[in-house]
Structure formats: C-alpha cells, structure tokens
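A.B. asks: One file is attached below, data_25.pdb, containing PDB, C-alpha atoms and all ligand atoms.
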ATOM      1  CA  MET A 204      16.122  83.548   4.847  1.00  0.00           C
ATOM      2  CA  THR A 205      17.328  86.581   2.903  1.00  0.00           C
ATOM      3  CA  ILE A 206      15.550  89.937   2.878  1.00  0.00           C
ATOM      4  CA  GLU A 207      14.804  89.389  -0.825  1.00  0.00           C
ATOM      5  CA  THR A 208      13.034  86.076  -0.159  1.00  0.00           C
ATOM      6  CA  LEU A 209      11.018  87.668   2.618  1.00  0.00           C
ATOM      7  CA  LYS A 210      10.032  90.558   0.347  1.00  0.00           C
ATOM      8  CA  ASN A 211       8.641  88.187  -2.261  1.00  0.00           C
ATOM      9  CA  ARG A 212       6.489  86.285   0.197  1.00  0.00           C
ATOM     10  CA  PRO A 213       2.713  86.657  -0.303  1.00  0.00           C
ATOM     11  CA  LEU A 214       2.474  87.754   3.341  1.00  0.00           C
ATOM     12  CA  MET A 215       3.820  91.167   2.394  1.00  0.00           C
ATOM     13  CA  ASN A 216       1.047  91.634  -0.157  1.00  0.00           C
ATOM     14  CA  LYS A 217      -1.740  90.540   2.150  1.00  0.00           C
ATOM     15  CA  GLU A 218      -4.462  93.069   2.914  1.00  0.00           C
ATOM     16  CA  ILE A 219      -4.720  94.508   6.418  1.00  0.00           C
ATOM     17  CA  HIS A 220      -8.550  94.417   6.776  1.00  0.00           C
ATOM     18  CA  ASP A 221      -8.682  91.504   9.204  1.00  0.00           C
ATOM     19  CA  LEU A 222      -6.094  93.055  11.517  1.00  0.00           C
ATOM     20  CA  ILE A 223      -7.787  96.404  12.090  1.00  0.00           C
ATOM     21  CA  VAL A 224      -9.103  97.204  15.589  1.00  0.00           C
ATOM     22  CA  SER A 225     -12.451  98.737  14.677  1.00  0.00           C
ATOM     23  CA  HIS A 226     -13.089 102.397  15.595  1.00  0.00           C
ATOM     24  CA  GLU A 227     -15.854 101.448  18.064  1.00  0.00           C
ATOM     25  CA  LYS A 228     -13.220  99.712  20.173  1.00  0.00           C
ATOM     26  CA  VAL A 229     -10.598 102.459  19.959  1.00  0.00           C
ATOM     27  CA  ALA A 230     -10.287 104.890  22.875  1.00  0.00           C
ATOM     28  CA  HIS A 231      -9.975 108.403  21.428  1.00  0.00           C
ATOM     29  CA  VAL A 232     -10.410 112.092  22.220  1.00  0.00           C
ATOM     30  CA  GLN A 233     -11.464 115.114  20.182  1.00  0.00           C
ATOM     31  CA  LEU A 234      -9.530 118.265  19.307  1.00  0.00           C
ATOM     32  CA  GLN A 235     -11.461 120.577  21.613  1.00  0.00           C
ATOM     33  CA  ASN A 236     -11.494 118.285  24.655  1.00  0.00           C
ATOM     34  CA  PRO A 237      -9.626 119.696  27.661  1.00  0.00           C
ATOM     35  CA  LEU A 238      -6.509 117.878  28.830  1.00  0.00           C
ATOM     36  CA  ASP A 239      -8.124 116.694  32.072  1.00  0.00           C
ATOM     37  CA  HIS A 240     -10.603 114.699  29.969  1.00  0.00           C
ATOM     38  CA  ALA A 241      -7.811 113.307  27.762  1.00  0.00           C
ATOM     39  CA  LEU A 242      -5.783 112.266  30.799  1.00  0.00           C
ATOM     40  CA  LEU A 243      -8.826 110.514  32.247  1.00  0.00           C
ATOM     41  CA  VAL A 244      -9.386 108.557  29.004  1.00  0.00           C
ATOM     42  CA  LEU A 245      -5.697 107.631  28.829  1.00  0.00           C
ATOM     43  CA  ILE A 246      -5.567 106.481  32.439  1.00  0.00           C
ATOM     44  CA  LYS A 247      -8.862 104.572  32.281  1.00  0.00           C
ATOM     45  CA  SER A 248      -7.995 102.853  28.997  1.00  0.00           C
ATOM     46  CA  GLY A 249      -4.478 102.045  30.167  1.00  0.00           C
ATOM     47  CA  TYR A 250      -2.887 103.195  26.883  1.00  0.00           C
ATOM     48  CA  THR A 251       0.102 105.485  26.609  1.00  0.00           C
ATOM     49  CA  ALA A 252      -1.211 107.253  23.509  1.00  0.00           C
ATOM     50  CA  ILE A 253      -4.540 107.388  21.663  1.00  0.00           C
ATOM     51  CA  PRO A 254      -5.829 108.967  18.432  1.00  0.00           C
ATOM     52  CA  VAL A 255      -7.283 112.485  18.261  1.00  0.00           C
ATOM     53  CA  LEU A 256     -10.288 112.965  15.957  1.00  0.00           C
ATOM     54  CA  ASP A 257     -12.187 116.029  14.752  1.00  0.00           C
ATOM     55  CA  LYS A 258     -15.976 116.364  14.872  1.00  0.00           C
ATOM     56  CA  ASP A 259     -16.257 114.702  11.452  1.00  0.00           C
ATOM     57  CA  TYR A 260     -14.394 111.636  12.680  1.00  0.00           C
ATOM     58  CA  ARG A 261     -11.182 112.390  10.805  1.00  0.00           C
ATOM     59  CA  VAL A 262      -7.818 111.659  12.371  1.00  0.00           C
ATOM     60  CA  GLN A 263      -5.926 114.797  13.383  1.00  0.00           C
ATOM     61  CA  GLY A 264      -3.117 113.399  15.493  1.00  0.00           C
ATOM     62  CA  GLN A 265      -2.400 111.494  18.657  1.00  0.00           C
ATOM     63  CA  ILE A 266      -1.970 112.460  22.281  1.00  0.00           C
ATOM     64  CA  SER A 267       0.087 110.788  24.982  1.00  0.00           C
ATOM     65  CA  LYS A 268       0.395 110.996  28.752  1.00  0.00           C
ATOM     66  CA  THR A 269       3.926 112.360  28.308  1.00  0.00           C
ATOM     67  CA  GLU A 270       2.771 115.256  26.110  1.00  0.00           C
ATOM     68  CA  ILE A 271       0.064 116.151  28.621  1.00  0.00           C
ATOM     69  CA  LEU A 272       2.410 116.066  31.611  1.00  0.00           C
ATOM     70  CA  ASP A 273       5.075 118.020  29.695  1.00  0.00           C
ATOM     71  CA  SER A 274       2.563 120.758  28.924  1.00  0.00           C
ATOM     72  CA  ILE A 275       1.803 121.406  32.614  1.00  0.00           C
ATOM     73  CA  LEU A 276       5.345 121.071  33.875  1.00  0.00           C
ATOM     74  CA  GLY A 277       6.132 124.214  35.872  1.00  0.00           C
ATOM     75  CA  LEU A 278       9.466 125.165  37.400  1.00  0.00           C
ATOM     76  CA  GLU A 279       8.968 123.128  40.542  1.00  0.00           C
ATOM     77  CA  ARG A 280       5.775 121.142  40.152  1.00  0.00           C
ATOM     78  CA  LEU A 281       3.104 119.830  37.821  1.00  0.00           C
ATOM     79  CA  GLU A 282       0.519 122.611  37.504  1.00  0.00           C
ATOM     80  CA  MET A 283      -2.511 120.323  37.546  1.00  0.00           C
ATOM     81  CA  GLU A 284      -4.944 123.261  37.752  1.00  0.00           C
ATOM     82  CA  ARG A 285      -4.050 124.124  34.130  1.00  0.00           C
ATOM     83  CA  LEU A 286      -5.299 120.786  32.782  1.00  0.00           C
ATOM     84  CA  HIS A 287      -8.823 122.099  32.299  1.00  0.00           C
ATOM     85  CA  ASP A 288      -7.764 125.217  30.367  1.00  0.00           C
ATOM     86  CA  ILE A 289      -5.592 123.592  27.698  1.00  0.00           C
ATOM     87  CA  THR A 290      -7.144 121.795  24.727  1.00  0.00           C
ATOM     88  CA  VAL A 291      -5.988 118.523  23.225  1.00  0.00           C
ATOM     89  CA  GLU A 292      -5.339 120.372  19.942  1.00  0.00           C
ATOM     90  CA  ALA A 293      -2.705 122.605  21.582  1.00  0.00           C
ATOM     91  CA  VAL A 294      -0.646 119.689  22.840  1.00  0.00           C
ATOM     92  CA  MET A 295      -1.201 116.716  20.498  1.00  0.00           C
ATOM     93  CA  ASN A 296       1.288 115.413  17.960  1.00  0.00           C
ATOM     94  CA  PRO A 297      -0.198 116.024  14.501  1.00  0.00           C
ATOM     95  CA  LYS A 298       2.513 114.057  12.710  1.00  0.00           C
ATOM     96  CA  ILE A 299       1.277 110.498  12.859  1.00  0.00           C
ATOM     97  CA  PRO A 300       1.369 107.600  10.441  1.00  0.00           C
ATOM     98  CA  ARG A 301      -1.839 106.773   8.612  1.00  0.00           C
ATOM     99  CA  LEU A 302      -2.715 104.169   6.010  1.00  0.00           C
ATOM    100  CA  ASN A 303      -5.704 103.394   3.834  1.00  0.00           C
ATOM    101  CA  THR A 304      -7.779 100.267   4.325  1.00  0.00           C
ATOM    102  CA  ASP A 305      -6.320  98.853   1.101  1.00  0.00           C
ATOM    103  CA  ALA A 306      -2.676  99.198   2.235  1.00  0.00           C
ATOM    104  CA  THR A 307      -0.563  96.050   2.109  1.00  0.00           C
ATOM    105  CA  PHE A 308       0.714  94.202   5.151  1.00  0.00           C
ATOM    106  CA  GLY A 309       4.270  94.984   4.008  1.00  0.00           C
ATOM    107  CA  LYS A 310       3.603  98.721   4.185  1.00  0.00           C
ATOM    108  CA  ALA A 311       2.021  98.364   7.635  1.00  0.00           C
ATOM    109  CA  LEU A 312       4.955  96.316   8.882  1.00  0.00           C
ATOM    110  CA  THR A 313       7.477  98.935   7.751  1.00  0.00           C
ATOM    111  CA  THR A 314       5.433 101.739   9.323  1.00  0.00           C
ATOM    112  CA  SER A 315       5.034  99.869  12.605  1.00  0.00           C
ATOM    113  CA  ILE A 316       8.798  99.733  13.150  1.00  0.00           C
ATOM    114  CA  SER A 317       8.710 103.318  14.414  1.00  0.00           C
ATOM    115  CA  HIS A 318       5.106 103.553  15.621  1.00  0.00           C
ATOM    116  CA  PRO A 319       3.198 101.434  18.183  1.00  0.00           C
ATOM    117  CA  PHE A 320      -0.057 101.975  16.244  1.00  0.00           C
ATOM    118  CA  ILE A 321      -1.142 103.216  12.822  1.00  0.00           C
ATOM    119  CA  CYS A 322      -4.413 105.028  12.124  1.00  0.00           C
ATOM    120  CA  ILE A 323      -6.435 103.538   9.274  1.00  0.00           C
ATOM    121  CA  GLU A 324      -8.676 105.705   7.091  1.00  0.00           C
ATOM    122  CA  ASP A 325     -11.191 104.958   4.336  1.00  0.00           C
ATOM    123  CA  GLU A 326     -11.222 106.588   0.901  1.00  0.00           C
ATOM    124  CA  TYR A 327     -13.033 109.643   2.346  1.00  0.00           C
ATOM    125  CA  GLU A 328     -10.371 110.020   5.064  1.00  0.00           C
ATOM    126  CA  ALA A 329     -12.824 108.927   7.748  1.00  0.00           C
ATOM    127  CA  PHE A 330     -11.343 107.047  10.707  1.00  0.00           C
ATOM    128  CA  VAL A 331     -11.807 103.284  10.367  1.00  0.00           C
ATOM    129  CA  GLY A 332      -9.677 102.051  13.274  1.00  0.00           C
ATOM    130  CA  ILE A 333      -6.082 101.315  14.186  1.00  0.00           C
ATOM    131  CA  LEU A 334      -3.503  98.704  13.402  1.00  0.00           C
ATOM    132  CA  THR A 335      -1.393  97.830  16.419  1.00  0.00           C
ATOM    133  CA  ARG A 336       2.135  96.488  16.529  1.00  0.00           C
ATOM    134  CA  ARG A 337       0.732  93.564  18.536  1.00  0.00           C
ATOM    135  CA  SER A 338      -1.605  92.444  15.716  1.00  0.00           C
ATOM    136  CA  ILE A 339       1.189  92.801  13.154  1.00  0.00           C
ATOM    137  CA  LEU A 340       3.604  90.724  15.245  1.00  0.00           C
ATOM    138  CA  ALA A 341       0.891  88.139  15.968  1.00  0.00           C
ATOM    139  CA  LEU A 342       0.324  87.596  12.245  1.00  0.00           C
ATOM    140  CA  ILE A 343       4.058  87.256  11.555  1.00  0.00           C
ATOM    141  CA  ASN A 344       4.267  84.774  14.421  1.00  0.00           C
ATOM    142  CA  ARG A 345       1.425  82.680  12.966  1.00  0.00           C
ATOM    143  CA  TYR A 346       2.920  82.865   9.497  1.00  0.00           C
ATOM    144  CA  PHE A 347       6.378  81.603  10.421  1.00  0.00           C
ATOM    145  CA  LYS A 348       5.247  78.890  12.829  1.00  0.00           C
TER
HETATM  146  P1  LIG A 401      -0.277  97.076  21.317  1.00  0.00           P
HETATM  147  O1  LIG A 401       0.503  96.689  20.098  1.00  0.00           O
HETATM  148  O2  LIG A 401      -1.525  96.270  21.538  1.00  0.00           O
HETATM  149  O3  LIG A 401       0.594  97.190  22.532  1.00  0.00           O
HETATM  150  O4  LIG A 401      -0.824  98.552  21.052  1.00  0.00           O
HETATM  151  C1  LIG A 401       0.071  99.566  20.695  1.00  0.00           C
HETATM  152  C2  LIG A 401      -0.507 100.904  21.026  1.00  0.00           C
HETATM  153  O5  LIG A 401      -1.712 101.114  20.277  1.00  0.00           O
HETATM  154  C3  LIG A 401      -0.944 101.098  22.468  1.00  0.00           C
HETATM  155  O6  LIG A 401       0.132 101.473  23.284  1.00  0.00           O
HETATM  156  C4  LIG A 401      -1.943 102.220  22.346  1.00  0.00           C
HETATM  157  O7  LIG A 401      -1.260 103.456  22.228  1.00  0.00           O
HETATM  158  C5  LIG A 401      -2.616 101.904  21.022  1.00  0.00           C
HETATM  159  N1  LIG A 401      -3.853 101.135  21.217  1.00  0.00           N
HETATM  160  C6  LIG A 401      -4.004  99.783  21.193  1.00  0.00           C
HETATM  161  N2  LIG A 401      -5.295  99.423  21.361  1.00  0.00           N
HETATM  162  C7  LIG A 401      -5.994 100.585  21.506  1.00  0.00           C
HETATM  163  C8  LIG A 401      -7.388 100.907  21.724  1.00  0.00           C
HETATM  164  N3  LIG A 401      -8.327  99.960  21.820  1.00  0.00           N
HETATM  165  N4  LIG A 401      -7.732 102.210  21.831  1.00  0.00           N
HETATM  166  C9  LIG A 401      -6.792 103.180  21.719  1.00  0.00           C
HETATM  167  N5  LIG A 401      -5.478 102.953  21.499  1.00  0.00           N
HETATM  168  C10 LIG A 401      -5.069 101.673  21.406  1.00  0.00           C
END
How does the structure come out when it is put into structure tokens?
Ligand code: AMP

C.D. replies:
Amino acid sequence: MTIETLKNRPLMNKEIHDLIVSHEKVAHVQLQNPLDHALLVLIKSGYTAIPVLDKDYRVQGQISKTEILDSILGLERLEMERLHDITVEAVMNPKIPRLNTDATFGKALTTSISHPFICIEDEYEAFVGILTRRSILALINRYFK
C-alpha cells in the first residue's frame, strides 16, 4: 500500500474521542509540587513521564524520572536531600505536544511518532486526558486486521 492510499483512508480522518484516557485515570502532578512528591507518583504509577497541570487544570508540561534524577545529580552522588526543595516547575519540560479533542486520528498518529503520549485539551484549554501510543497502535492493528 502506498503512502498516498494510506493518507486517503477514512481512518486518518477518524476522531480521537474514543481513544482518550480520561483525566481521572491519568497520574499527574502540579507545578508547585516538590520533586519528592513527583518521584513518588512516578514510581507508584510505574510511568516514566506524566503530565504537569496548574491549579486550573491546564497542561503546563511533563515531568520524567530522568529529569528529576538529573536535577539532583551532584559531582559524586545523587543529592536526594534536595528533592524536597525543588519544585516540579523548575525541572519539567514545558515543550510537549497537545491536541484538541476534535483533532483527527491522522494528526495524533503523526504526533505520536516522537512522543509516547499526547495531552488532550478542550476548547477552553482545560485538560481532558491523554492519548497514548499504545491506544493509537491498537487502533491501527484493529483496522488492518
Ligand atoms: P503506553 O503507550 O501505554 O506505553 O503509554 C505511553 C506513555 O504515556 C507512558 O509511558 C506514560 O508516560 C504515559 N501514560 C500512559 N498512561 C498513563 C496514565 N494513566 N497516567 C499518566 N501517564 C500515562
């Protein structure tokens, strides 16, 4: 199948609604949380990275275990005692992909090539949930079977 044929398939124009992991089920932290809290949420949830929200439930970035550990890396050891004094905001990555609830599956697929998850927002920029690479691949798998 050529790229052109694939592009014209209705799959690419499908809406993403049904694929979204709802915000109630998404592990997240807030900007002003200390890093020890963020690390706890990351370890307990088992995810490498999770979204960062502000107090109005808007997406501000994402934070990963690697960013946290990097931020406390001293010359010879991890300075764990600093975890409580650094905020999530100081360490998070603010450059993350985000899409609206009405984005097409094609747009989500392209975005997911470089990002394990995409934050989904409504028309007021409130956090709706995430779209994971797993759910995108699962749909493609169903479609081509
Ligand atoms: P997956 O495609 O299921 O492996 O998910 C990709 C990435 O999305 C994970 O590595 C996490 O960073 C993030 N993720 C998936 N599910 C959740 C969740 N329920 N809460 C927070 N982050 C999640």

A.B. asks: Per residue of chain A within 9 Å of ligand LIG 401 (chain A), record the nearest atom pair and its distance in Å to one decimal, counting only C-alpha atoms and all ligand atoms, with rows in chain order and ascending residue number, as CSV.

C.D. replies:
residue,atom,partner,partner_atom,distance
A:Val224,CA,A:LIG401,N3,6.9
A:Ser225,CA,A:LIG401,N3,8.3
A:His226,CA,A:LIG401,N3,8.2
A:Glu227,CA,A:LIG401,N3,8.5
A:Lys228,CA,A:LIG401,N3,5.2
A:Val229,CA,A:LIG401,N4,3.4
A:Ala230,CA,A:LIG401,N4,3.8
A:His231,CA,A:LIG401,C9,6.1
A:Leu245,CA,A:LIG401,C9,8.5
A:Ser248,CA,A:LIG401,N4,7.2
A:Gly249,CA,A:LIG401,C4,8.2
A:Tyr250,CA,A:LIG401,C4,4.7
A:Thr251,CA,A:LIG401,O7,5.0
A:Ala252,CA,A:LIG401,O7,4.0
A:Ile253,CA,A:LIG401,N5,4.5
A:Pro254,CA,A:LIG401,C9,6.7
A:Gln265,CA,A:LIG401,O7,8.9
A:Ser267,CA,A:LIG401,O7,7.9
A:His318,CA,A:LIG401,C1,8.2
A:Pro319,CA,A:LIG401,C1,4.4
A:Phe320,CA,A:LIG401,O5,4.4
A:Ile321,CA,A:LIG401,O5,7.8
A:Gly332,CA,A:LIG401,N4,8.8
A:Ile333,CA,A:LIG401,C10,7.3
A:Leu334,CA,A:LIG401,O5,7.5
A:Thr335,CA,A:LIG401,O1,4.3
A:Arg336,CA,A:LIG401,O1,3.9
A:Arg337,CA,A:LIG401,O1,3.5
A:Ser338,CA,A:LIG401,O1,6.5
A:Ile339,CA,A:LIG401,O1,8.0
A:Leu340,CA,A:LIG401,O1,8.3

A.B. asks: Could you save those same residues with C-alpha atoms as a PDB file, in the coordinates of the input?

C.D. replies:
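This is the output file out-v3.pdb:
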ATOM      1  CA  VAL A 224      -9.103  97.204  15.589  1.00  0.00           C
ATOM      2  CA  SER A 225     -12.451  98.737  14.677  1.00  0.00           C
ATOM      3  CA  HIS A 226     -13.089 102.397  15.595  1.00  0.00           C
ATOM      4  CA  GLU A 227     -15.854 101.448  18.064  1.00  0.00           C
ATOM      5  CA  LYS A 228     -13.220  99.712  20.173  1.00  0.00           C
ATOM      6  CA  VAL A 229     -10.598 102.459  19.959  1.00  0.00           C
ATOM      7  CA  ALA A 230     -10.287 104.890  22.875  1.00  0.00           C
ATOM      8  CA  HIS A 231      -9.975 108.403  21.428  1.00  0.00           C
ATOM      9  CA  LEU A 245      -5.697 107.631  28.829  1.00  0.00           C
ATOM     10  CA  SER A 248      -7.995 102.853  28.997  1.00  0.00           C
ATOM     11  CA  GLY A 249      -4.478 102.045  30.167  1.00  0.00           C
ATOM     12  CA  TYR A 250      -2.887 103.195  26.883  1.00  0.00           C
ATOM     13  CA  THR A 251       0.102 105.485  26.609  1.00  0.00           C
ATOM     14  CA  ALA A 252      -1.211 107.253  23.509  1.00  0.00           C
ATOM     15  CA  ILE A 253      -4.540 107.388  21.663  1.00  0.00           C
ATOM     16  CA  PRO A 254      -5.829 108.967  18.432  1.00  0.00           C
ATOM     17  CA  GLN A 265      -2.400 111.494  18.657  1.00  0.00           C
ATOM     18  CA  SER A 267       0.087 110.788  24.982  1.00  0.00           C
ATOM     19  CA  HIS A 318       5.106 103.553  15.621  1.00  0.00           C
ATOM     20  CA  PRO A 319       3.198 101.434  18.183  1.00  0.00           C
ATOM     21  CA  PHE A 320      -0.057 101.975  16.244  1.00  0.00           C
ATOM     22  CA  ILE A 321      -1.142 103.216  12.822  1.00  0.00           C
ATOM     23  CA  GLY A 332      -9.677 102.051  13.274  1.00  0.00           C
ATOM     24  CA  ILE A 333      -6.082 101.315  14.186  1.00  0.00           C
ATOM     25  CA  LEU A 334      -3.503  98.704  13.402  1.00  0.00           C
ATOM     26  CA  THR A 335      -1.393  97.830  16.419  1.00  0.00           C
ATOM     27  CA  ARG A 336       2.135  96.488  16.529  1.00  0.00           C
ATOM     28  CA  ARG A 337       0.732  93.564  18.536  1.00  0.00           C
ATOM     29  CA  SER A 338      -1.605  92.444  15.716  1.00  0.00           C
ATOM     30  CA  ILE A 339       1.189  92.801  13.154  1.00  0.00           C
ATOM     31  CA  LEU A 340       3.604  90.724  15.245  1.00  0.00           C
TER      32      LEU A 340
END

A.B. asks: How many Å lie between atom CA of A:Phe347 and atom CA of A:His220, rounded to one decimal?

C.D. replies: 20.0 Å

A.B. asks: Can you list what the PyMOL selection byres (((chain A and resi 218) around 12) and not hetatm) grabs from this structure, as JSON, numbers by chain?

C.D. replies: {"A": [213, 214, 215, 216, 217, 219, 220, 221, 222, 223, 302, 303, 304, 305, 306, 307, 308, 309, 310, 311, 312, 334, 339, 342]}

A.B. asks: Using only C-alpha atoms, which of the listed residues (A:Ile266, A:Cys322, A:Ala341, A:Ile316) sits closest to A:Gln233?

C.D. replies: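 Of A:Ile266, A:Cys322, A:Ala341, A:Ile316, the one nearest A:Gln233, counting only C-alpha atoms, is A:Ile266.
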
A.B. asks: What is the atom CA of A:Thr314-atom CA of A:Glu328 distance in Å, reported with one decimal?

C.D. replies: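 So the answer is 18.3 Å.
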
A.B. asks: For A:Glu292, which residue among A:Ile323, A:Arg345, A:Gln263, A:Val331 is the nearest when counting all atoms listed in the file?

C.D. replies: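 Closest to A:Glu292 of all the choices is A:Gln263.
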
A.B. asks: What separation in Å, quoted to one decimal, exists between atom CA of A:Asn296 and atom CA of A:Tyr327?

C.D. replies: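 According to the coordinates, atom CA of A:Asn296 and atom CA of A:Tyr327 are separated by 22.0 Å.
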
A.B. asks: Report, as lines of an AutoDock Vina configuration file, the axis-aligned box around all atoms of stretch 221-226 of chain A present in the file, extended by 5 Å on each side; give centre and edge lengths in Å to one decimal place.

C.D. replies:
center_x = -9.6
center_y = 97.0
center_z = 12.4
size_x = 17.0
size_y = 20.9
size_z = 16.4

A.B. asks: Given only C-alpha atoms as the basis, pick out the residue of A:Pro297, A:Val255, A:Lys247, A:Leu242 nearest to A:Ile271.

C.D. replies: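 Of the candidates, the smallest distance to A:Ile271 is held by A:Leu242.
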
A.B. asks: Identify all residues satisfying the PyMOL selection byres (((chain A and resi 289) around 6) and not hetatm) in the given file; provide them as an MDAnalysis selection string.

C.D. replies: chainID A and resid 237:238 286:288 290
